[in-house]
Structures are given as structure tokens and as C-alpha cells.
file query-v8.cif (mmCIF, C-alpha atoms)
data_entry
#
loop_
_atom_site.group_PDB
_atom_site.id
_atom_site.type_symbol
_atom_site.label_atom_id
_atom_site.label_comp_id
_atom_site.auth_asym_id
_atom_site.auth_seq_id
_atom_site.Cartn_x
_atom_site.Cartn_y
_atom_site.Cartn_z
ATOM 1 C CA MET A 23 31.105 6.060 28.266
ATOM 2 C CA ALA A 24 31.358 2.298 28.807
ATOM 3 C CA GLN A 25 32.496 0.415 25.760
ATOM 4 C CA GLN A 26 29.849 -1.987 24.463
ATOM 5 C CA GLU A 27 30.622 -5.505 23.279
ATOM 6 C CA PRO A 28 30.533 -5.819 19.501
ATOM 7 C CA PRO A 29 27.462 -7.727 18.274
ATOM 8 C CA SER A 30 27.969 -11.472 17.932
ATOM 9 C CA PRO A 31 27.790 -12.869 14.409
ATOM 10 C CA GLU A 32 24.685 -14.840 13.506
ATOM 11 C CA THR A 33 25.303 -18.568 13.906
ATOM 12 C CA VAL A 34 22.958 -21.518 13.358
ATOM 13 C CA VAL A 35 23.282 -24.606 15.555
ATOM 14 C CA ILE A 36 21.289 -27.789 14.839
ATOM 15 C CA LEU A 37 19.982 -29.484 17.997
ATOM 16 C CA GLY A 38 18.702 -33.070 17.891
ATOM 17 C CA THR A 39 15.803 -33.830 20.259
ATOM 18 C CA ALA A 40 13.456 -36.858 19.968
ATOM 19 C CA THR A 41 9.945 -37.865 18.875
ATOM 20 C CA PRO A 42 7.075 -35.403 19.477
ATOM 21 C CA GLY A 43 5.271 -35.745 22.796
ATOM 22 C CA GLY A 44 8.337 -36.626 24.857
ATOM 23 C CA GLY A 45 10.452 -34.605 27.254
ATOM 24 C CA PHE A 46 13.313 -33.828 24.870
ATOM 25 C CA PRO A 47 11.299 -31.782 22.324
ATOM 26 C CA LEU A 48 9.763 -29.875 25.255
ATOM 27 C CA PHE A 49 13.219 -29.114 26.632
ATOM 28 C CA GLY A 50 14.521 -28.196 23.185
ATOM 29 C CA ALA A 51 11.754 -25.642 22.648
ATOM 30 C CA ALA A 52 12.445 -24.035 26.037
ATOM 31 C CA LEU A 53 16.161 -23.969 25.282
ATOM 32 C CA VAL A 54 15.633 -22.207 21.948
ATOM 33 C CA ASP A 55 13.508 -19.469 23.533
ATOM 34 C CA ALA A 56 15.764 -18.977 26.572
ATOM 35 C CA VAL A 57 18.938 -18.711 24.495
ATOM 36 C CA ARG A 58 17.266 -16.273 22.085
ATOM 37 C CA GLU A 59 16.730 -13.897 25.026
ATOM 38 C CA VAL A 60 20.427 -13.756 25.908
ATOM 39 C CA ASP A 61 22.132 -14.220 22.524
ATOM 40 C CA ALA A 62 19.683 -13.580 19.692
ATOM 41 C CA PRO A 63 22.209 -14.145 16.868
ATOM 42 C CA LEU A 64 22.888 -17.656 18.225
ATOM 43 C CA ILE A 65 20.086 -19.440 16.402
ATOM 44 C CA ILE A 66 19.342 -22.954 17.673
ATOM 45 C CA GLN A 67 17.207 -24.992 15.303
ATOM 46 C CA THR A 68 15.644 -28.167 16.724
ATOM 47 C CA LYS A 69 15.345 -31.381 14.754
ATOM 48 C CA ASN A 70 13.027 -34.212 15.808
ATOM 49 C CA THR A 71 14.784 -37.582 15.787
ATOM 50 C CA LYS A 72 14.029 -41.067 17.095
ATOM 51 C CA GLY A 73 15.746 -40.080 20.340
ATOM 52 C CA SER A 74 19.031 -40.677 22.109
ATOM 53 C CA THR A 75 20.021 -43.827 20.251
ATOM 54 C CA GLU A 76 19.748 -41.985 16.918
ATOM 55 C CA ASN A 77 21.235 -38.734 18.195
ATOM 56 C CA VAL A 78 24.588 -40.325 19.015
ATOM 57 C CA PRO A 79 25.336 -41.714 15.517
ATOM 58 C CA LEU A 80 24.027 -38.482 13.976
ATOM 59 C CA LEU A 81 26.513 -36.533 16.096
ATOM 60 C CA GLN A 82 29.297 -38.937 15.181
ATOM 61 C CA ALA A 83 28.498 -38.392 11.494
ATOM 62 C CA SER A 84 28.266 -34.588 12.006
ATOM 63 C CA GLY A 85 24.587 -34.748 11.070
ATOM 64 C CA LEU A 86 23.854 -32.656 14.159
ATOM 65 C CA ASP A 87 25.869 -30.008 15.978
ATOM 66 C CA ILE A 88 24.541 -30.786 19.448
ATOM 67 C CA ALA A 89 21.934 -33.213 20.757
ATOM 68 C CA LEU A 90 19.994 -34.222 23.851
ATOM 69 C CA VAL A 91 21.103 -37.643 25.065
ATOM 70 C CA GLN A 92 19.705 -39.706 27.934
ATOM 71 C CA GLY A 93 22.120 -40.796 30.644
ATOM 72 C CA GLU A 94 22.728 -44.456 29.800
ATOM 73 C CA VAL A 95 23.234 -43.707 26.106
ATOM 74 C CA ALA A 96 25.476 -40.748 26.933
ATOM 75 C CA GLY A 97 27.562 -42.867 29.300
ATOM 76 C CA GLU A 98 28.171 -45.466 26.609
ATOM 77 C CA ALA A 99 28.973 -42.840 23.977
ATOM 78 C CA LEU A 100 31.449 -41.123 26.310
ATOM 79 C CA SER A 101 33.116 -44.344 27.431
ATOM 80 C CA ASP A 102 36.516 -45.315 26.041
ATOM 81 C CA ALA A 103 34.853 -47.925 23.835
ATOM 82 C CA GLY A 104 32.199 -45.500 22.632
ATOM 83 C CA ARG A 105 34.701 -42.817 21.678
ATOM 84 C CA VAL A 106 36.428 -45.207 19.274
ATOM 85 C CA HIS A 107 33.387 -44.814 16.994
ATOM 86 C CA GLY A 108 33.497 -41.013 17.067
ATOM 87 C CA ARG A 109 34.452 -38.786 19.965
ATOM 88 C CA LEU A 110 31.668 -36.712 21.494
ATOM 89 C CA TRP A 111 31.850 -33.924 24.066
ATOM 90 C CA ILE A 112 29.697 -32.716 26.953
ATOM 91 C CA VAL A 113 28.300 -29.213 26.491
ATOM 92 C CA ALA A 114 25.942 -29.141 29.477
ATOM 93 C CA ALA A 115 24.005 -31.203 31.972
ATOM 94 C CA MET A 116 20.256 -31.217 31.292
ATOM 95 C CA TYR A 117 18.477 -32.760 34.268
ATOM 96 C CA SER A 118 18.467 -35.873 36.410
ATOM 97 C CA THR A 119 16.035 -38.637 35.449
ATOM 98 C CA PRO A 120 14.753 -40.936 38.197
ATOM 99 C CA GLY A 121 12.998 -43.785 36.375
ATOM 100 C CA LEU A 122 9.529 -45.014 37.361
ATOM 101 C CA PHE A 123 6.150 -46.196 36.083
ATOM 102 C CA VAL A 124 2.822 -44.402 36.063
ATOM 103 C CA THR A 125 -0.517 -46.227 36.299
ATOM 104 C CA ARG A 126 -4.096 -45.049 36.665
ATOM 105 C CA ALA A 127 -4.939 -44.058 40.227
ATOM 106 C CA ASP A 128 -7.514 -46.867 40.404
ATOM 107 C CA SER A 129 -5.045 -49.549 39.313
ATOM 108 C CA ALA A 130 -4.559 -52.528 41.612
ATOM 109 C CA CYS A 131 -0.810 -52.445 40.834
ATOM 110 C CA ARG A 132 1.301 -50.948 43.596
ATOM 111 C CA ALA A 133 4.764 -52.470 43.057
ATOM 112 C CA ILE A 134 6.892 -53.502 40.091
ATOM 113 C CA PRO A 135 6.141 -57.256 40.447
ATOM 114 C CA ASP A 136 2.416 -56.429 40.131
ATOM 115 C CA LEU A 137 3.081 -55.289 36.544
ATOM 116 C CA CYS A 138 4.597 -58.593 35.441
ATOM 117 C CA GLY A 139 2.674 -60.363 32.682
ATOM 118 C CA LYS A 140 0.682 -57.228 31.890
ATOM 119 C CA PRO A 141 0.876 -54.815 28.922
ATOM 120 C CA VAL A 142 3.348 -52.045 29.704
ATOM 121 C CA ALA A 143 4.460 -49.199 27.416
ATOM 122 C CA PHE A 144 8.208 -48.684 27.760
ATOM 123 C CA GLY A 145 8.418 -45.571 25.582
ATOM 124 C CA ALA A 146 9.567 -44.679 22.094
ATOM 125 C CA ARG A 147 11.794 -47.225 20.391
ATOM 126 C CA GLY A 148 14.822 -44.949 20.097
ATOM 127 C CA SER A 149 14.509 -43.394 23.531
ATOM 128 C CA GLY A 150 17.224 -43.744 26.123
ATOM 129 C CA LEU A 151 14.438 -44.250 28.653
ATOM 130 C CA VAL A 152 14.034 -47.767 27.238
ATOM 131 C CA LEU A 153 17.658 -48.499 28.122
ATOM 132 C CA LEU A 154 17.085 -47.120 31.609
ATOM 133 C CA ALA A 155 14.077 -49.437 31.996
ATOM 134 C CA ARG A 156 16.154 -52.447 30.947
ATOM 135 C CA ALA A 157 18.857 -51.601 33.470
ATOM 136 C CA VAL A 158 16.448 -50.911 36.341
ATOM 137 C CA LEU A 159 14.417 -54.057 35.715
ATOM 138 C CA GLY A 160 17.504 -56.145 34.955
ATOM 139 C CA GLY A 161 18.916 -55.154 38.327
ATOM 140 C CA ILE A 162 16.002 -56.915 40.044
ATOM 141 C CA GLY A 163 16.082 -59.966 37.774
ATOM 142 C CA LEU A 164 13.338 -58.931 35.344
ATOM 143 C CA ASP A 165 13.363 -58.600 31.549
ATOM 144 C CA CYS A 166 11.147 -56.202 29.585
ATOM 145 C CA GLU A 167 10.245 -58.742 26.892
ATOM 146 C CA ARG A 168 10.169 -61.912 28.962
ATOM 147 C CA ASP A 169 8.352 -60.682 32.051
ATOM 148 C CA PHE A 170 5.983 -58.058 30.617
ATOM 149 C CA GLN A 171 3.832 -57.621 27.554
ATOM 150 C CA ALA A 172 6.246 -54.954 26.325
ATOM 151 C CA ILE A 173 4.964 -52.247 23.988
ATOM 152 C CA TYR A 174 7.319 -49.821 22.236
ATOM 153 C CA LEU A 175 5.884 -46.636 20.795
ATOM 154 C CA ASP A 176 6.492 -44.926 17.471
ATOM 155 C CA CYS A 177 5.730 -41.615 19.162
ATOM 156 C CA ALA A 178 6.312 -40.893 22.852
ATOM 157 C CA GLY A 179 3.115 -38.847 22.963
ATOM 158 C CA ASP A 180 0.983 -41.969 22.369
ATOM 159 C CA GLY A 181 1.696 -43.494 25.785
ATOM 160 C CA PRO A 182 -0.516 -41.488 28.166
ATOM 161 C CA ALA A 183 -3.748 -42.197 26.281
ATOM 162 C CA MET A 184 -2.944 -45.917 26.382
ATOM 163 C CA VAL A 185 -2.740 -45.787 30.184
ATOM 164 C CA ILE A 186 -5.864 -43.657 30.534
ATOM 165 C CA ASP A 187 -8.035 -45.893 28.327
ATOM 166 C CA GLY A 188 -6.627 -49.133 29.727
ATOM 167 C CA ARG A 189 -4.754 -50.479 26.708
ATOM 168 C CA VAL A 190 -1.673 -50.690 28.941
ATOM 169 C CA VAL A 191 -1.529 -50.986 32.689
ATOM 170 C CA ALA A 192 1.520 -48.712 33.020
ATOM 171 C CA LEU A 193 3.850 -46.345 31.182
ATOM 172 C CA TRP A 194 7.582 -46.129 31.911
ATOM 173 C CA GLY A 195 9.223 -42.703 32.021
ATOM 174 C CA GLY A 196 11.334 -40.479 34.193
ATOM 175 C CA GLY A 197 12.118 -37.149 35.746
ATOM 176 C CA THR A 198 10.272 -34.020 36.758
ATOM 177 C CA GLY A 199 7.877 -32.473 34.261
ATOM 178 C CA TRP A 200 7.921 -35.441 31.871
ATOM 179 C CA PRO A 201 4.962 -34.879 29.494
ATOM 180 C CA GLY A 202 3.702 -38.473 29.615
ATOM 181 C CA PHE A 203 3.463 -38.468 33.396
ATOM 182 C CA ALA A 204 1.923 -34.996 33.446
ATOM 183 C CA ALA A 205 -0.815 -36.045 30.990
ATOM 184 C CA VAL A 206 -1.847 -39.066 33.052
ATOM 185 C CA ALA A 207 -1.677 -37.136 36.343
ATOM 186 C CA LYS A 208 -3.893 -34.339 34.981
ATOM 187 C CA SER A 209 -6.467 -36.716 33.481
ATOM 188 C CA SER A 210 -9.715 -37.652 35.191
ATOM 189 C CA ALA A 211 -8.215 -41.116 35.788
ATOM 190 C CA GLY A 212 -5.470 -39.645 37.987
ATOM 191 C CA ALA A 213 -2.077 -41.236 38.517
ATOM 192 C CA ARG A 214 -0.179 -43.555 40.808
ATOM 193 C CA PHE A 215 3.584 -43.858 40.492
ATOM 194 C CA ILE A 216 5.511 -47.087 40.957
ATOM 195 C CA ALA A 217 9.260 -47.112 41.584
ATOM 196 C CA PRO A 218 11.741 -49.679 42.922
ATOM 197 C CA ASP A 219 11.517 -50.106 46.686
ATOM 198 C CA ALA A 220 14.554 -49.692 48.953
ATOM 199 C CA HIS A 221 15.555 -53.371 48.665
ATOM 200 C CA GLU A 222 15.213 -53.287 44.882
ATOM 201 C CA ILE A 223 17.239 -50.062 44.657
ATOM 202 C CA ALA A 224 20.061 -51.723 46.601
ATOM 203 C CA ARG A 225 20.046 -54.707 44.214
ATOM 204 C CA ILE A 226 20.030 -52.445 41.152
ATOM 205 C CA ARG A 227 22.958 -50.399 42.465
ATOM 206 C CA VAL A 228 25.041 -53.544 43.010
ATOM 207 C CA MET A 229 24.539 -54.661 39.400
ATOM 208 C CA TYR A 230 24.561 -51.192 37.811
ATOM 209 C CA PRO A 231 26.631 -48.841 39.999
ATOM 210 C CA PHE A 232 26.494 -46.124 37.296
ATOM 211 C CA LEU A 233 22.823 -45.622 38.199
ATOM 212 C CA LYS A 234 22.529 -42.998 40.912
ATOM 213 C CA PRO A 235 19.963 -42.855 43.736
ATOM 214 C CA LEU A 236 17.619 -40.035 42.693
ATOM 215 C CA THR A 237 14.392 -38.657 44.139
ATOM 216 C CA LEU A 238 11.329 -37.286 42.371
ATOM 217 C CA PRO A 239 10.362 -34.291 44.553
ATOM 218 C CA ALA A 240 6.877 -34.089 46.040
ATOM 219 C CA GLY A 241 4.534 -32.065 43.874
ATOM 220 C CA SER A 242 6.319 -32.858 40.625
ATOM 221 C CA TYR A 243 2.952 -34.016 39.248
ATOM 222 C CA ALA A 244 -0.698 -33.406 40.077
ATOM 223 C CA GLY A 245 -1.731 -35.514 43.057
ATOM 224 C CA GLN A 246 1.839 -36.593 43.907
ATOM 225 C CA HIS A 247 2.107 -35.449 47.501
ATOM 226 C CA ALA A 248 5.218 -37.319 48.654
ATOM 227 C CA PRO A 249 8.748 -37.643 47.257
ATOM 228 C CA ILE A 250 9.492 -40.877 45.400
ATOM 229 C CA ALA A 251 12.911 -42.532 45.648
ATOM 230 C CA SER A 252 14.273 -44.313 42.592
ATOM 231 C CA VAL A 253 17.451 -44.628 40.524
ATOM 232 C CA GLY A 254 18.481 -42.955 37.306
ATOM 233 C CA SER A 255 21.048 -40.794 35.606
ATOM 234 C CA TRP A 256 21.758 -37.336 34.174
ATOM 235 C CA SER A 257 20.714 -36.525 30.622
ATOM 236 C CA LEU A 258 23.296 -34.409 28.812
ATOM 237 C CA ILE A 259 23.699 -32.058 25.870
ATOM 238 C CA LEU A 260 26.454 -33.574 23.754
ATOM 239 C CA ALA A 261 28.356 -32.079 20.813
ATOM 240 C CA ARG A 262 29.989 -33.495 17.704
ATOM 241 C CA ASP A 263 33.749 -34.000 17.902
ATOM 242 C CA ASP A 264 34.663 -31.125 15.591
ATOM 243 C CA LEU A 265 32.431 -28.447 17.138
ATOM 244 C CA GLU A 266 34.608 -25.347 17.157
ATOM 245 C CA ASP A 267 35.995 -24.237 20.523
ATOM 246 C CA ALA A 268 34.669 -20.709 20.031
ATOM 247 C CA LEU A 269 31.152 -21.997 19.344
ATOM 248 C CA ALA A 270 31.228 -24.355 22.339
ATOM 249 C CA TYR A 271 32.357 -21.431 24.513
ATOM 250 C CA ARG A 272 29.524 -19.284 23.159
ATOM 251 C CA LEU A 273 26.980 -22.034 23.821
ATOM 252 C CA ALA A 274 28.230 -22.471 27.389
ATOM 253 C CA ARG A 275 28.033 -18.717 28.007
ATOM 254 C CA ALA A 276 24.540 -18.482 26.523
ATOM 255 C CA LEU A 277 23.275 -21.453 28.533
ATOM 256 C CA HIS A 278 24.704 -19.984 31.731
ATOM 257 C CA ARG A 279 23.078 -16.604 31.067
ATOM 258 C CA ALA A 280 19.828 -18.375 30.147
ATOM 259 C CA GLU A 281 19.557 -20.417 33.350
ATOM 260 C CA ALA A 282 16.803 -18.278 34.873
ATOM 261 C CA GLY A 283 14.844 -18.201 31.615
ATOM 262 C CA LEU A 284 15.070 -21.957 31.216
ATOM 263 C CA ALA A 285 13.971 -22.565 34.802
ATOM 264 C CA HIS A 286 10.998 -20.238 34.294
ATOM 265 C CA ARG A 287 9.873 -22.106 31.181
ATOM 266 C CA LEU A 288 10.375 -25.686 32.342
ATOM 267 C CA PRO A 289 10.545 -26.991 35.938
ATOM 268 C CA GLN A 290 13.060 -29.760 35.171
ATOM 269 C CA ALA A 291 15.343 -27.229 33.462
ATOM 270 C CA ARG A 292 16.093 -25.730 36.881
ATOM 271 C CA GLU A 293 18.808 -28.371 36.945
ATOM 272 C CA THR A 294 20.368 -27.119 33.688
ATOM 273 C CA THR A 295 23.161 -25.137 35.307
ATOM 274 C CA ALA A 296 26.866 -24.702 34.764
ATOM 275 C CA ALA A 297 27.484 -26.034 38.275
ATOM 276 C CA ASN A 298 25.553 -29.222 37.501
ATOM 277 C CA THR A 299 27.546 -29.657 34.281
ATOM 278 C CA VAL A 300 30.675 -29.907 36.394
ATOM 279 C CA ALA A 301 28.973 -32.229 38.905
ATOM 280 C CA ALA A 302 27.323 -34.530 36.345
ATOM 281 C CA ALA A 303 30.314 -35.088 34.046
ATOM 282 C CA PRO A 304 31.698 -38.631 34.564
ATOM 283 C CA ARG A 305 35.169 -37.124 34.045
ATOM 284 C CA ILE A 306 35.858 -33.430 33.627
ATOM 285 C CA GLU A 307 38.056 -34.065 30.583
ATOM 286 C CA LEU A 308 34.925 -35.239 28.727
ATOM 287 C CA VAL A 309 33.619 -31.655 28.763
ATOM 288 C CA HIS A 310 34.285 -29.772 25.523
ATOM 289 C CA PRO A 311 37.488 -27.672 25.755
ATOM 290 C CA GLY A 312 35.578 -24.523 24.776
ATOM 291 C CA VAL A 313 33.084 -25.158 27.571
ATOM 292 C CA LEU A 314 35.918 -25.804 30.031
ATOM 293 C CA ARG A 315 37.390 -22.396 29.168
ATOM 294 C CA TYR A 316 34.105 -20.731 30.073
ATOM 295 C CA LEU A 317 33.683 -22.756 33.272
ATOM 296 C CA ARG A 318 37.159 -21.646 34.382
ATOM 297 C CA GLU A 319 36.350 -18.021 33.603
ATOM 298 C CA ILE A 320 33.308 -18.069 35.896
ATOM 299 C CA GLY A 321 35.251 -19.780 38.681
ATOM 300 C CA LEU A 322 33.688 -23.256 38.631
ATOM 301 C CA LEU A 323 37.011 -24.858 37.749
ATOM 302 C CA ALA A 324 40.530 -24.001 38.776
#

call {"tool": "encode", "arguments": {"input": "query-v8.cif", "output": "C-alpha cells"}}
result
Amino acid sequence: MAQQEPPSPETVVILGTATPGGGFPLFGAALVDAVREVDAPLIIQTKNTKGSTENVPLLQASGLDIALVQGEVAGEALSDAGRVHGRLWIVAAMYSTPGLFVTRADSACRAIPDLCGKPVAFGARGSGLVLLARAVLGGIGLDCERDFQAIYLDCAGDGPAMVIDGRVVALWGGGTGWPGFAAVAKSSAGARFIAPDAHEIARIRVMYPFLKPLTLPAGSYAGQHAPIASVGSWSLILARDDLEDALAYRLARALHRAEAGLAHRLPQARETTAANTVAAAPRIELVHPGVLRYLREIGLLA
């Protein structure tokens, strides 16, 4: 008779997400359910926060075990300068986030310059998406506050209604399956997406080479029939410095076993794979040692 693995001890892990109505709480809920299917005693409890810019200091203070962190914020936290304030580790890649705007389908705006001088919602105040907007717009010589009537939200879920009823002309966001974009696209108003054009992408990449050319696949949202090229970055699951190696290993194993379940629950989570963790890490030594041990065991690293 085959010997069965002994049951894993029950362990609680606190996961920081963001404000309700945004993509991070949606991802966190899918993650909890998918991990429960493959390692029930590994209990992940989500905690709503102000977003990426609060998650990093909470991790550094050990107020969270792991957290979802948008690409630009993660890059700064993982940089040499960022690690002086409290070393953080990569546990997994989440998904790529091409940044773009959504407007009503009947809007006269068709390019980024058309939005200048108009009310635009740039997302929740603590969201890393705001930093992505500043980089993308800064790369083409624009400033959120100077060149737009910038509106920052207390709750990410407030943005779609503001587009639909005309209080703002556009909402900034990013990635596949982002709730704000989905809400506008499914509304009777319909949606049009606005991203940097090829010339603007080239300018942005010169100024901010850490931003990667990314494409929003066709069919990511209702009525979006063609792929949309933009720039963006990978959001990551980061861990506090003193997360135990054995727990990091267990998280990596559970996430790997949960890949199919995550993909089934959330389209953008199809990118949450062990292989993408290796590909998305700025440097492989920034991946938690416990995670590295698991990645070597499954043959993704030598």
C-alpha cells in the first residue's frame, strides 16, 4: 500500500489586498478558494488595505505575511534602496498589467491628448495603478494634476459609475478582468479603451525602460474585439522578510498546485504560474529562498 503524506498542520497566513471594488480583492478571493482546494489546512485570510503603497510598509512592519503589490511599487520595494527600509521577497507573479483608460463608447475622446483638461479618475489613492498612470503619462510629457482634472477615489469600486453617468470622462486602470473596466464594458453605455499609440509607447520606454510592452488580448472585455497594445508591469505577491522558509515553500507548492483552479476562477489569474514567477522576477535572488527550493524541485531552476 502506498504511503500517504502526513496531514499538513493548520497555518494561517494574512494576505493584504486593496480597497473593495478593485482587482486585488477579486484576486485575493480567488486565491483563497483555489488554495483551499489543494491545501485546506493552509488558511489564507485576506485583509483589505489602501492598496500597494500601504501593503509594502505593512509587510516591512510584519503587519502582513504576504501582500499583493502592483509592479511599480514592487520594483521600488525590491530595489537596493527599497530593501534598506525592510527587505521583502517575491513569492509569486500575479499577472501582467497593461495600463489604459476606459471611456463611454459614445465619448468623443479617442486618444490620450483628447482627455487633457477633462475630469479623469485615476483610481484609489493608495493603488499602484496611480503610479503606473504617472509613469505612462510622464513618459509622453503629461502630468496627472497639471494636465487633467485628476480625481482620486477612496474606493476603487466608485470609478465605473462615474464614467457611466458622466462625472468623469475616463477611468484609468489595467490588465485583463479588471473590475472597473468590466463594469463599464457591460453597462448600457458600453466602453472604448484608450492606450498610448506606438509613438507614445516608444517615448515612454525611453524614459521608463522598466515598463514593458504589454498587450490586452482581444475579448478581454465586452465589445473589445481587437488586441490593444500598451505598456505596464507585473504585479507580484510579496512576503515579509522573516517569513519562514518552510511556509514560503508550502505557499509556492500550494500556488503551483492551484494554478488550474485559479485560472478557472479568474481569467487574469491564468498568468499566476510558477514559470511566470521565474520570468517576472527582476533578479532571481529576489525570490524567497523557500520558494526557490520549490522551483528547483519542479525543474524550473537549475

call {"tool": "resolve_selection", "arguments": {"input": "query-v8.cif", "expression": "the PyMOL selection byres ((chain A and resi 263-269) around 12)", "output": "ChimeraX atom specification"}}
result
/A:30-36,64-66,78-88,99-100,105-113,260-262,270-276,308-316

call {"tool": "residues_around", "arguments": {"input": "query-v8.cif", "residues": "Leu48 of chain A", "least_positions_apart": "5", "cutoff": "10 Å", "atoms": "all atoms listed in the file", "output": "CSV table (one decimal) with C-alpha atoms, keeping the file's coordinate frame"}}
result
chain,number,residue,atom,x,y,z
A,39,THR,CA,15.8,-33.8,20.3
A,40,ALA,CA,13.5,-36.9,20.0
A,42,PRO,CA,7.1,-35.4,19.5
A,43,GLY,CA,5.3,-35.7,22.8
A,53,LEU,CA,16.2,-24.0,25.3
A,199,GLY,CA,7.9,-32.5,34.3
A,200,TRP,CA,7.9,-35.4,31.9
A,201,PRO,CA,5.0,-34.9,29.5
A,287,ARG,CA,9.9,-22.1,31.2
A,288,LEU,CA,10.4,-25.7,32.3

call {"tool": "closest_residue", "arguments": {"input": "query-v8.cif", "among": "A:Ser118, A:Gln67, A:Ser149, A:Thr125", "to": "Ala301 of chain A", "atoms": "all atoms listed in the file"}}
result
A:Ser118

call {"tool": "atom_distance", "arguments": {"input": "query-v8.cif", "atom1": "atom CA of Gly93 of chain A", "atom2": "atom CA of Ser255 of chain A"}}
result
5.1 Å

call {"tool": "resolve_selection", "arguments": {"input": "query-v8.cif", "expression": "the PyMOL selection byres ((chain A and resi 218) around 10)", "output": "CSV table (one decimal) with C-alpha atoms, keeping the file's coordinate frame"}}
result
chain,number,residue,atom,x,y,z
A,121,GLY,CA,13.0,-43.8,36.4
A,122,LEU,CA,9.5,-45.0,37.4
A,123,PHE,CA,6.2,-46.2,36.1
A,133,ALA,CA,4.8,-52.5,43.1
A,134,ILE,CA,6.9,-53.5,40.1
A,135,PRO,CA,6.1,-57.3,40.4
A,158,VAL,CA,16.4,-50.9,36.3
A,159,LEU,CA,14.4,-54.1,35.7
A,162,ILE,CA,16.0,-56.9,40.0
A,216,ILE,CA,5.5,-47.1,41.0
A,217,ALA,CA,9.3,-47.1,41.6
A,219,ASP,CA,11.5,-50.1,46.7
A,220,ALA,CA,14.6,-49.7,49.0
A,221,HIS,CA,15.6,-53.4,48.7
A,222,GLU,CA,15.2,-53.3,44.9
A,223,ILE,CA,17.2,-50.1,44.7
A,224,ALA,CA,20.1,-51.7,46.6
A,225,ARG,CA,20.0,-54.7,44.2
A,226,ILE,CA,20.0,-52.4,41.2
A,250,ILE,CA,9.5,-40.9,45.4
A,251,ALA,CA,12.9,-42.5,45.6
A,252,SER,CA,14.3,-44.3,42.6
A,253,VAL,CA,17.5,-44.6,40.5

call {"tool": "atom_distance", "arguments": {"input": "query-v8.cif", "atom1": "atom CA of Asp180 of chain A", "atom2": "atom CA of Phe215 of chain A"}}
result
18.4 Å

call {"tool": "atom_distance", "arguments": {"input": "query-v8.cif", "atom1": "atom CA of Leu151 of chain A", "atom2": "atom CA of His286 of chain A"}}
result
24.9 Å

call {"tool": "resolve_selection", "arguments": {"input": "query-v8.cif", "expression": "the PyMOL selection byres ((chain A and resi 182) around 8)", "output": "mmCIF file with C-alpha atoms, in the frame of the given file"}}
result
data_model
loop_
_atom_site.group_PDB
_atom_site.id
_atom_site.type_symbol
_atom_site.label_atom_id
_atom_site.label_comp_id
_atom_site.auth_asym_id
_atom_site.auth_seq_id
_atom_site.Cartn_x
_atom_site.Cartn_y
_atom_site.Cartn_z
ATOM 1 C CA GLY A 179 3.115 -38.847 22.963
ATOM 2 C CA ASP A 180 0.983 -41.969 22.369
ATOM 3 C CA GLY A 181 1.696 -43.494 25.785
ATOM 4 C CA ALA A 183 -3.748 -42.197 26.281
ATOM 5 C CA MET A 184 -2.944 -45.917 26.382
ATOM 6 C CA VAL A 185 -2.740 -45.787 30.184
ATOM 7 C CA ILE A 186 -5.864 -43.657 30.534
ATOM 8 C CA LEU A 193 3.850 -46.345 31.182
ATOM 9 C CA GLY A 202 3.702 -38.473 29.615
ATOM 10 C CA PHE A 203 3.463 -38.468 33.396
ATOM 11 C CA ALA A 205 -0.815 -36.045 30.990
ATOM 12 C CA VAL A 206 -1.847 -39.066 33.052
#

call {"tool": "closest_residue", "arguments": {"input": "query-v8.cif", "among": "A:Gly45, A:Thr198, A:Val91, A:Ser101", "to": "Gly145 of chain A", "atoms": "only C-alpha atoms"}}
result
A:Gly45

call {"tool": "closest_residue", "arguments": {"input": "query-v8.cif", "among": "A:Val228, A:Val57, A:Glu76, A:Asp187", "to": "Ser129 of chain A", "atoms": "all atoms listed in the file"}}
result
A:Asp187

call {"tool": "residues_around", "arguments": {"input": "query-v8.cif", "residues": "Phe144 of chain A", "least_positions_apart": "3", "cutoff": "10 Å", "atoms": "all atoms listed in the file", "output": "ChimeraX atom specification"}}
result
/A:123,141,147,149,151-156,166,171-175,178,181,192-195

call {"tool": "closest_residue", "arguments": {"input": "query-v8.cif", "among": "A:Ile259, A:Ala62, A:Ala244, A:Ile306", "to": "Ala127 of chain A", "atoms": "only C-alpha atoms"}}
result
A:Ala244

call {"tool": "residues_around", "arguments": {"input": "query-v8.cif", "residues": "Asn70 of chain A", "least_positions_apart": "4", "cutoff": "10 Å", "atoms": "all atoms listed in the file", "output": "list in words"}}
result
Leu37, Gly38, Thr39, Ala40, Thr41, Pro42, Phe46, Pro47, Gly50 and Asn77 of chain A

call {"tool": "write_last_selection", "arguments": {"input": "query-v8.cif", "atoms": "C-alpha atoms", "output": "PDB file, in the frame of the given file"}}
result
ATOM      1  CA  LEU A  37      19.982 -29.484  17.997  1.00  0.00           C
ATOM      2  CA  GLY A  38      18.702 -33.070  17.891  1.00  0.00           C
ATOM      3  CA  THR A  39      15.803 -33.830  20.259  1.00  0.00           C
ATOM      4  CA  ALA A  40      13.456 -36.858  19.968  1.00  0.00           C
ATOM      5  CA  THR A  41       9.945 -37.865  18.875  1.00  0.00           C
ATOM      6  CA  PRO A  42       7.075 -35.403  19.477  1.00  0.00           C
ATOM      7  CA  PHE A  46      13.313 -33.828  24.870  1.00  0.00           C
ATOM      8  CA  PRO A  47      11.299 -31.782  22.324  1.00  0.00           C
ATOM      9  CA  GLY A  50      14.521 -28.196  23.185  1.00  0.00           C
ATOM     10  CA  ASN A  77      21.235 -38.734  18.195  1.00  0.00           C
TER      11      ASN A  77
END

call {"tool": "closest_residue", "arguments": {"input": "query-v8.cif", "among": "A:Arg189, A:Arg214, A:Arg58, A:Lys140", "to": "Val124 of chain A", "atoms": "all atoms listed in the file"}}
result
A:Arg214

call {"tool": "residues_near_point", "arguments": {"input": "query-v8.cif", "point": "(2.6, -31.9, 39.7)", "cutoff": "10 Å", "atoms": "only C-alpha atoms", "output": "PyMOL selection string"}}
result
chain A and resi 198-199+203-204+207-208+239-247

call {"tool": "write_last_selection", "arguments": {"input": "query-v8.cif", "atoms": "C-alpha atoms", "output": "mmCIF file, keeping the file's coordinate frame"}}
result
data_model
loop_
_atom_site.group_PDB
_atom_site.id
_atom_site.type_symbol
_atom_site.label_atom_id
_atom_site.label_comp_id
_atom_site.auth_asym_id
_atom_site.auth_seq_id
_atom_site.Cartn_x
_atom_site.Cartn_y
_atom_site.Cartn_z
ATOM 1 C CA THR A 198 10.272 -34.020 36.758
ATOM 2 C CA GLY A 199 7.877 -32.473 34.261
ATOM 3 C CA PHE A 203 3.463 -38.468 33.396
ATOM 4 C CA ALA A 204 1.923 -34.996 33.446
ATOM 5 C CA ALA A 207 -1.677 -37.136 36.343
ATOM 6 C CA LYS A 208 -3.893 -34.339 34.981
ATOM 7 C CA PRO A 239 10.362 -34.291 44.553
ATOM 8 C CA ALA A 240 6.877 -34.089 46.040
ATOM 9 C CA GLY A 241 4.534 -32.065 43.874
ATOM 10 C CA SER A 242 6.319 -32.858 40.625
ATOM 11 C CA TYR A 243 2.952 -34.016 39.248
ATOM 12 C CA ALA A 244 -0.698 -33.406 40.077
ATOM 13 C CA GLY A 245 -1.731 -35.514 43.057
ATOM 14 C CA GLN A 246 1.839 -36.593 43.907
ATOM 15 C CA HIS A 247 2.107 -35.449 47.501
#

call {"tool": "closest_residue", "arguments": {"input": "query-v8.cif", "among": "A:Val142, A:Ala302, A:Leu284, A:Leu137", "to": "Glu59 of chain A", "atoms": "all atoms listed in the file"}}
result
A:Leu284
